[in-house]
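Student: One structure coming up, written as structure tokens, with questions to follow.
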Amino acid sequence: MTGSVSEALAAFRADPRAAAWLALPFFANRRADAIAAEVDGAVARGAHVLPPPEKVFASLVLTPLEAVKVVILGQDPYPTPGDAHGLAFSYAGTRRLPASLRTILAEMAEDLSVPMPRRGDLTRWAEQGVLLLNTALTVEAGRSGAHLRLGWSELVDEAVVAVSGTQKAAVFMLWGAKARERAALVDRDRHLVIEAGHPSPLNRQRDFRGSRPFSRANAWLAARGIAPIDWRLD
């Protein structure tokens, strides 16, 4: 881990793409600073925190508030070094795709009749306006969920409210119980909410496959004069 999360937060504040996000109470009231300091404290005590500090705020940098067309919420970064790079579900590793991401991409390929992607880096989605935001922006190596109670979730709630309140039309893809709890924060008169089960193989109800969120989102955006997302990765 190079640098610190506090330094990454300072760099985020200096990035012009972050301007609208910085108006959120999470940043304006310095809650972000307290969490960054707590994470840095864990590192000082020997924890291996992921992703690298410069990637912690990648989802917000790559997808400014004013550019958001689609919101996809994840839980926390992959706990294996080298896998996570700041975008929910996105995978920068070189091994087999994680199970949930493999399910997502298989659904996308079937839904849109395109080839199954060979890689899992979702940066291309983020650059087109897909906010890939985790409930926790950090995790400890080998300890999935380790930072879920640090307070990062406040950012997620505020981001959902901000997108709902500022964007003319956006699609919220809420997968799994935790994400679906945030449906109440969305103005359904202006936005489309697509709910489904979690893509994880641990989801016994198997109610993600066949939900066709990608074609539904694109059709809805196009009907409102908004350029659809090119979901292909290869």
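Each chain in the structure tokens gets a letter, A, B and so on, in the order shown; residues start at 1 in every chain, and ligands are counted from 1 in the order they appear.
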So which residues touch Val186 (chain A) within 10 Å, counting only C-alpha atoms, skipping near sequence neighbours fewer than 5 positions away, as a PyMOL selection string?
Tutor: chain A and resi 160-165+170-172+191-193
Student: Excluding Trp175 (chain A) and its own-chain neighbours fewer than 4 positions away, which residues fall within 7 Å of it when counting only C-alpha atoms? Please give them as a compact mmCIF listing (two decimals) with N, CA, C and O atoms, in the first residue's frame.
Tutor:
# COMPACT_ATOMS: atom_id res chain seq x y z
N ALA A 179 -28.67 -3.76 -1.35
CA ALA A 179 -28.84 -2.73 -2.37
C ALA A 179 -30.31 -2.33 -2.50
O ALA A 179 -30.64 -1.15 -2.64
N ARG A 180 -31.19 -3.32 -2.43
CA ARG A 180 -32.61 -3.05 -2.63
C ARG A 180 -33.21 -2.21 -1.50
O ARG A 180 -34.22 -1.54 -1.70
N GLU A 195 -34.82 -3.98 -9.79
CA GLU A 195 -34.42 -4.80 -8.65
C GLU A 195 -34.31 -6.26 -9.05
O GLU A 195 -35.07 -6.77 -9.88
N ALA A 196 -33.34 -6.94 -8.46
CA ALA A 196 -33.15 -8.37 -8.71
C ALA A 196 -32.37 -8.96 -7.55
O ALA A 196 -31.82 -8.23 -6.71
N GLY A 197 -32.32 -10.27 -7.51
CA GLY A 197 -31.49 -10.93 -6.51
C GLY A 197 -30.02 -10.67 -6.77
O GLY A 197 -29.63 -10.20 -7.84
N HIS A 198 -29.20 -10.99 -5.80
CA HIS A 198 -27.76 -10.79 -5.94
C HIS A 198 -27.19 -11.81 -6.92
O HIS A 198 -27.63 -12.97 -6.95
Student: Got a sec: who's within 8 Å of Thr135 (chain A), counting only C-alpha atoms, leaving out chain neighbours fewer than 4 positions off, as an MDAnalysis selection string?
Tutor: chainID A and resid 73:76 148 152:153 155:156
Student: Keeping only N, CA, C and O atoms, take the residues you just selected and write them out as a PDB file, in the first residue's frame.
Tutor:
ATOM      1  N   LEU A  73     -24.688  -0.885  -7.278  1.00  0.00           N
ATOM      2  CA  LEU A  73     -24.099  -0.917  -5.943  1.00  0.00           C
ATOM      3  C   LEU A  73     -23.534  -2.299  -5.634  1.00  0.00           C
ATOM      4  O   LEU A  73     -24.178  -3.315  -5.885  1.00  0.00           O
ATOM      5  N   GLY A  74     -22.324  -2.305  -5.083  1.00  0.00           N
ATOM      6  CA  GLY A  74     -21.713  -3.551  -4.636  1.00  0.00           C
ATOM      7  C   GLY A  74     -21.547  -3.537  -3.127  1.00  0.00           C
ATOM      8  O   GLY A  74     -22.019  -2.624  -2.447  1.00  0.00           O
ATOM      9  N   GLN A  75     -20.839  -4.523  -2.585  1.00  0.00           N
ATOM     10  CA  GLN A  75     -20.650  -4.591  -1.132  1.00  0.00           C
ATOM     11  C   GLN A  75     -19.323  -3.974  -0.728  1.00  0.00           C
ATOM     12  O   GLN A  75     -19.269  -2.865  -0.215  1.00  0.00           O
ATOM     13  N   ASP A  76     -18.214  -4.687  -0.950  1.00  0.00           N
ATOM     14  CA  ASP A  76     -16.902  -4.130  -0.639  1.00  0.00           C
ATOM     15  C   ASP A  76     -15.883  -4.698  -1.613  1.00  0.00           C
ATOM     16  O   ASP A  76     -16.187  -5.625  -2.370  1.00  0.00           O
ATOM     17  N   LEU A 148     -17.070  -2.826   6.599  1.00  0.00           N
ATOM     18  CA  LEU A 148     -18.463  -2.500   6.306  1.00  0.00           C
ATOM     19  C   LEU A 148     -19.093  -1.610   7.378  1.00  0.00           C
ATOM     20  O   LEU A 148     -20.082  -0.921   7.120  1.00  0.00           O
ATOM     21  N   TRP A 152     -18.544   4.011   5.710  1.00  0.00           N
ATOM     22  CA  TRP A 152     -18.562   4.280   4.266  1.00  0.00           C
ATOM     23  C   TRP A 152     -19.982   4.264   3.712  1.00  0.00           C
ATOM     24  O   TRP A 152     -20.277   4.933   2.713  1.00  0.00           O
ATOM     25  N   SER A 153     -20.877   3.489   4.328  1.00  0.00           N
ATOM     26  CA  SER A 153     -22.242   3.353   3.807  1.00  0.00           C
ATOM     27  C   SER A 153     -22.990   4.683   3.778  1.00  0.00           C
ATOM     28  O   SER A 153     -23.930   4.853   3.006  1.00  0.00           O
ATOM     29  N   LEU A 155     -21.820   7.383   2.659  1.00  0.00           N
ATOM     30  CA  LEU A 155     -21.529   7.920   1.331  1.00  0.00           C
ATOM     31  C   LEU A 155     -22.471   7.327   0.291  1.00  0.00           C
ATOM     32  O   LEU A 155     -22.987   8.049  -0.575  1.00  0.00           O
ATOM     33  N   VAL A 156     -22.717   6.030   0.382  1.00  0.00           N
ATOM     34  CA  VAL A 156     -23.594   5.377  -0.590  1.00  0.00           C
ATOM     35  C   VAL A 156     -25.004   5.957  -0.525  1.00  0.00           C
ATOM     36  O   VAL A 156     -25.602   6.288  -1.554  1.00  0.00           O
TER      37      VAL A 156
END
Student: Can you tell me, as a PyMOL selection string, what residues are no more than 9 Å from Val70 (chain A) when counting only C-alpha atoms, ignoring any on the same chain fewer than 6 positions away?
Tutor: chain A and resi 129-132+170-173+217+229
Student: Please produce a file of the residues just selected, as a PDB file, in the first residue's frame, where the atoms kept are all heavy atoms.
Tutor:
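For reference, part_37.pdb as written:
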ATOM      1  N   GLY A 129     -20.667   6.581 -17.651  1.00  0.00           N
ATOM      2  CA  GLY A 129     -21.710   7.058 -16.752  1.00  0.00           C
ATOM      3  C   GLY A 129     -22.332   6.014 -15.858  1.00  0.00           C
ATOM      4  O   GLY A 129     -23.407   6.254 -15.288  1.00  0.00           O
ATOM      5  N   VAL A 130     -21.681   4.874 -15.700  1.00  0.00           N
ATOM      6  CA  VAL A 130     -22.175   3.834 -14.790  1.00  0.00           C
ATOM      7  C   VAL A 130     -21.427   3.969 -13.466  1.00  0.00           C
ATOM      8  O   VAL A 130     -20.231   3.686 -13.388  1.00  0.00           O
ATOM      9  CB  VAL A 130     -21.976   2.422 -15.369  1.00  0.00           C
ATOM     10  CG1 VAL A 130     -22.538   1.370 -14.407  1.00  0.00           C
ATOM     11  CG2 VAL A 130     -22.653   2.308 -16.736  1.00  0.00           C
ATOM     12  N   LEU A 131     -22.127   4.411 -12.430  1.00  0.00           N
ATOM     13  CA  LEU A 131     -21.516   4.564 -11.111  1.00  0.00           C
ATOM     14  C   LEU A 131     -21.447   3.200 -10.439  1.00  0.00           C
ATOM     15  O   LEU A 131     -22.467   2.624 -10.083  1.00  0.00           O
ATOM     16  CB  LEU A 131     -22.335   5.540 -10.261  1.00  0.00           C
ATOM     17  CG  LEU A 131     -21.825   5.767  -8.836  1.00  0.00           C
ATOM     18  CD1 LEU A 131     -20.431   6.384  -8.843  1.00  0.00           C
ATOM     19  CD2 LEU A 131     -22.811   6.631  -8.047  1.00  0.00           C
ATOM     20  N   LEU A 132     -20.240   2.696 -10.271  1.00  0.00           N
ATOM     21  CA  LEU A 132     -20.005   1.378  -9.691  1.00  0.00           C
ATOM     22  C   LEU A 132     -19.495   1.577  -8.271  1.00  0.00           C
ATOM     23  O   LEU A 132     -18.292   1.614  -8.007  1.00  0.00           O
ATOM     24  CB  LEU A 132     -18.988   0.608 -10.534  1.00  0.00           C
ATOM     25  CG  LEU A 132     -19.423   0.322 -11.975  1.00  0.00           C
ATOM     26  CD1 LEU A 132     -18.221  -0.030 -12.851  1.00  0.00           C
ATOM     27  CD2 LEU A 132     -20.457  -0.802 -12.016  1.00  0.00           C
ATOM     28  N   ALA A 170     -32.136   8.516 -14.527  1.00  0.00           N
ATOM     29  CA  ALA A 170     -31.070   7.553 -14.299  1.00  0.00           C
ATOM     30  C   ALA A 170     -31.686   6.198 -13.973  1.00  0.00           C
ATOM     31  O   ALA A 170     -32.842   6.104 -13.571  1.00  0.00           O
ATOM     32  CB  ALA A 170     -30.163   8.010 -13.158  1.00  0.00           C
ATOM     33  N   VAL A 171     -30.886   5.160 -14.158  1.00  0.00           N
ATOM     34  CA  VAL A 171     -31.326   3.796 -13.867  1.00  0.00           C
ATOM     35  C   VAL A 171     -30.569   3.296 -12.643  1.00  0.00           C
ATOM     36  O   VAL A 171     -29.347   3.390 -12.582  1.00  0.00           O
ATOM     37  CB  VAL A 171     -31.054   2.856 -15.056  1.00  0.00           C
ATOM     38  CG1 VAL A 171     -31.516   1.434 -14.721  1.00  0.00           C
ATOM     39  CG2 VAL A 171     -31.741   3.368 -16.317  1.00  0.00           C
ATOM     40  N   PHE A 172     -31.303   2.778 -11.671  1.00  0.00           N
ATOM     41  CA  PHE A 172     -30.704   2.217 -10.468  1.00  0.00           C
ATOM     42  C   PHE A 172     -30.856   0.709 -10.524  1.00  0.00           C
ATOM     43  O   PHE A 172     -31.973   0.188 -10.463  1.00  0.00           O
ATOM     44  CB  PHE A 172     -31.381   2.782  -9.220  1.00  0.00           C
ATOM     45  CG  PHE A 172     -31.113   4.244  -8.983  1.00  0.00           C
ATOM     46  CD1 PHE A 172     -31.819   5.209  -9.702  1.00  0.00           C
ATOM     47  CD2 PHE A 172     -30.159   4.655  -8.070  1.00  0.00           C
ATOM     48  CE1 PHE A 172     -31.574   6.560  -9.506  1.00  0.00           C
ATOM     49  CE2 PHE A 172     -29.908   6.005  -7.864  1.00  0.00           C
ATOM     50  CZ  PHE A 172     -30.612   6.960  -8.587  1.00  0.00           C
ATOM     51  N   MET A 173     -29.744  -0.001 -10.672  1.00  0.00           N
ATOM     52  CA  MET A 173     -29.754  -1.457 -10.677  1.00  0.00           C
ATOM     53  C   MET A 173     -29.419  -1.923  -9.272  1.00  0.00           C
ATOM     54  O   MET A 173     -28.269  -1.834  -8.836  1.00  0.00           O
ATOM     55  CB  MET A 173     -28.743  -2.002 -11.683  1.00  0.00           C
ATOM     56  CG  MET A 173     -29.042  -1.650 -13.128  1.00  0.00           C
ATOM     57  SD  MET A 173     -27.873  -2.469 -14.235  1.00  0.00           S
ATOM     58  CE  MET A 173     -28.421  -1.831 -15.831  1.00  0.00           C
ATOM     59  N   ALA A 217     -32.364  -1.160 -19.217  1.00  0.00           N
ATOM     60  CA  ALA A 217     -31.777   0.153 -18.932  1.00  0.00           C
ATOM     61  C   ALA A 217     -31.552   0.940 -20.216  1.00  0.00           C
ATOM     62  O   ALA A 217     -31.905   2.124 -20.303  1.00  0.00           O
ATOM     63  CB  ALA A 217     -30.462  -0.015 -18.178  1.00  0.00           C
ATOM     64  N   ILE A 229     -25.798   2.827 -22.814  1.00  0.00           N
ATOM     65  CA  ILE A 229     -24.465   2.338 -22.446  1.00  0.00           C
ATOM     66  C   ILE A 229     -24.045   1.238 -23.414  1.00  0.00           C
ATOM     67  O   ILE A 229     -24.835   0.347 -23.725  1.00  0.00           O
ATOM     68  CB  ILE A 229     -24.463   1.779 -21.002  1.00  0.00           C
ATOM     69  CG1 ILE A 229     -25.012   2.818 -20.014  1.00  0.00           C
ATOM     70  CG2 ILE A 229     -23.062   1.316 -20.625  1.00  0.00           C
ATOM     71  CD1 ILE A 229     -24.194   4.085 -19.909  1.00  0.00           C
TER      72      ILE A 229
END
Student: Name all residues at most 12 Å from Arg119 (chain A) (count only C-alpha atoms; drop same-chain ones fewer than 2 positions away) and give them as a ChimeraX atom specification.
Tutor: /A:83,90-98,101-102,105-106,115-117,121-124,232-234
Student: Write a file of the just-selected residues containing N, CA, C and O atoms, as a short mmCIF file (atom, residue, chain, number, x, y, z; two decimals), in the first residue's frame.
Tutor:
data_model
loop_
_atom_site.label_atom_id
_atom_site.label_comp_id
_atom_site.auth_asym_id
_atom_site.auth_seq_id
_atom_site.Cartn_x
_atom_site.Cartn_y
_atom_site.Cartn_z
N ASP A 83 -6.70 -7.61 -7.04
CA ASP A 83 -7.99 -7.86 -7.69
C ASP A 83 -8.85 -6.60 -7.79
O ASP A 83 -9.49 -6.35 -8.81
N SER A 90 -15.87 -4.78 -10.38
CA SER A 90 -14.81 -4.78 -11.39
C SER A 90 -13.59 -5.54 -10.88
O SER A 90 -13.22 -5.45 -9.70
N TYR A 91 -12.93 -6.26 -11.80
CA TYR A 91 -11.86 -7.18 -11.42
C TYR A 91 -10.63 -6.91 -12.26
O TYR A 91 -10.67 -6.96 -13.49
N ALA A 92 -9.53 -6.61 -11.57
CA ALA A 92 -8.27 -6.32 -12.26
C ALA A 92 -7.29 -7.48 -12.18
O ALA A 92 -6.17 -7.39 -12.68
N GLY A 93 -7.70 -8.57 -11.55
CA GLY A 93 -6.81 -9.72 -11.40
C GLY A 93 -6.62 -10.50 -12.70
O GLY A 93 -7.22 -10.18 -13.74
N THR A 94 -5.82 -11.52 -12.62
CA THR A 94 -5.48 -12.30 -13.82
C THR A 94 -6.00 -13.73 -13.75
O THR A 94 -5.82 -14.50 -14.70
N ARG A 95 -6.66 -14.08 -12.65
CA ARG A 95 -7.19 -15.44 -12.54
C ARG A 95 -8.60 -15.50 -13.11
O ARG A 95 -9.05 -14.57 -13.77
N ARG A 96 -9.28 -16.59 -12.85
CA ARG A 96 -10.66 -16.75 -13.32
C ARG A 96 -11.52 -15.65 -12.73
O ARG A 96 -11.32 -15.22 -11.60
N LEU A 97 -12.50 -15.16 -13.49
CA LEU A 97 -13.38 -14.10 -13.01
C LEU A 97 -14.08 -14.51 -11.73
O LEU A 97 -14.52 -15.66 -11.59
N PRO A 98 -14.23 -13.60 -10.77
CA PRO A 98 -15.01 -13.90 -9.56
C PRO A 98 -16.42 -14.34 -9.93
O PRO A 98 -16.98 -13.90 -10.94
N LEU A 101 -19.20 -11.64 -10.61
CA LEU A 101 -18.94 -10.90 -11.84
C LEU A 101 -19.18 -11.78 -13.06
O LEU A 101 -19.73 -11.33 -14.07
N ARG A 102 -18.80 -13.03 -12.97
CA ARG A 102 -19.04 -13.96 -14.07
C ARG A 102 -20.54 -14.08 -14.36
O ARG A 102 -20.97 -14.10 -15.52
N LEU A 105 -21.70 -10.78 -16.09
CA LEU A 105 -21.28 -10.68 -17.49
C LEU A 105 -21.96 -11.72 -18.37
O LEU A 105 -22.25 -11.46 -19.54
N ALA A 106 -22.28 -12.88 -17.80
CA ALA A 106 -23.03 -13.88 -18.56
C ALA A 106 -24.43 -13.38 -18.85
O ALA A 106 -24.97 -13.58 -19.96
N PRO A 115 -20.81 -11.45 -27.27
CA PRO A 115 -19.92 -12.47 -26.69
C PRO A 115 -19.65 -12.22 -25.21
O PRO A 115 -19.65 -11.08 -24.75
N MET A 116 -19.44 -13.30 -24.49
CA MET A 116 -19.07 -13.20 -23.09
C MET A 116 -17.68 -12.56 -22.99
O MET A 116 -16.74 -13.00 -23.65
N PRO A 117 -17.54 -11.49 -22.21
CA PRO A 117 -16.23 -10.84 -22.09
C PRO A 117 -15.18 -11.78 -21.51
O PRO A 117 -15.48 -12.64 -20.69
N ASP A 121 -12.49 -6.04 -16.15
CA ASP A 121 -12.27 -4.62 -15.84
C ASP A 121 -13.45 -3.81 -16.37
O ASP A 121 -13.65 -3.72 -17.59
N LEU A 122 -14.21 -3.19 -15.47
CA LEU A 122 -15.42 -2.46 -15.85
C LEU A 122 -15.19 -0.96 -16.00
O LEU A 122 -16.15 -0.19 -16.02
N THR A 123 -13.94 -0.56 -16.13
CA THR A 123 -13.63 0.87 -16.29
C THR A 123 -14.41 1.49 -17.44
O THR A 123 -14.89 2.62 -17.35
N ARG A 124 -14.57 0.75 -18.51
CA ARG A 124 -15.29 1.25 -19.69
C ARG A 124 -16.73 1.62 -19.33
O ARG A 124 -17.28 2.57 -19.87
N ARG A 232 -20.42 -3.72 -23.84
CA ARG A 232 -19.37 -4.66 -24.27
C ARG A 232 -18.03 -4.26 -23.66
O ARG A 232 -17.71 -3.08 -23.57
N LEU A 233 -17.23 -5.25 -23.30
CA LEU A 233 -15.92 -4.97 -22.72
C LEU A 233 -14.76 -5.32 -23.64
O LEU A 233 -13.68 -4.76 -23.51
N ASP A 234 -14.95 -6.26 -24.55
CA ASP A 234 -13.87 -6.69 -25.46
C ASP A 234 -13.88 -5.87 -26.75
O ASP A 234 -14.91 -5.41 -27.18
#
Student: Please provide as a ChimeraX atom specification all residues within 9 Å of region 47-61 of chain A, with the sequence filter that same-chain residues fewer than 4 positions apart are discarded (counting only C-alpha atoms).
Tutor: /A:1-9,11-12,15-18,21,39-43,65,77-88,123,126,130-134,137-142
Student: Apply DSSP to the backbone of this structure and, from region 38-224 of chain A, keep only the residues in strand (DSSP E or B); write these as a PyMOL selection string.
Tutor: chain A and resi 49-50+70-74+130-134+139-140+143+171-175+192-196
Student: Report the distance between CA of Gly210 (chain A) and CA of Asp111 (chain A) in Å, rounded to one decimal place.
Tutor: 7.8 Å
Student: Could you give me, as a ChimeraX atom specification, each residue of chain A that DSSP assigns to helix (DSSP H, G or I) when run on this structure's backbone?
Tutor: /A:5-14,16-18,21-23,25-28,31-44,53-55,58-62,65-67,99-112,123-127,153-166,177-185,213-223
Student: Please list as a list in words every residue within 10 Å of Gln128 (chain A), counting only C-alpha atoms and excluding residues in the same chain fewer than 6 positions away.
Tutor: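 My reading of the contact set: Leu62, Thr63, Ala67, Val68, Lys69, Val70, Ala227, Pro228, Ile229, Asp230 and Trp231 of chain A.
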Student: Please determine, counting only C-alpha atoms, which residue among A:Pro201, A:Gly145, A:Pro25, A:Gly120 has the shortest atom-to-atom distance to Asp157 (chain A).
Tutor: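 The closest residue to Asp157 (chain A) is A:Pro25.
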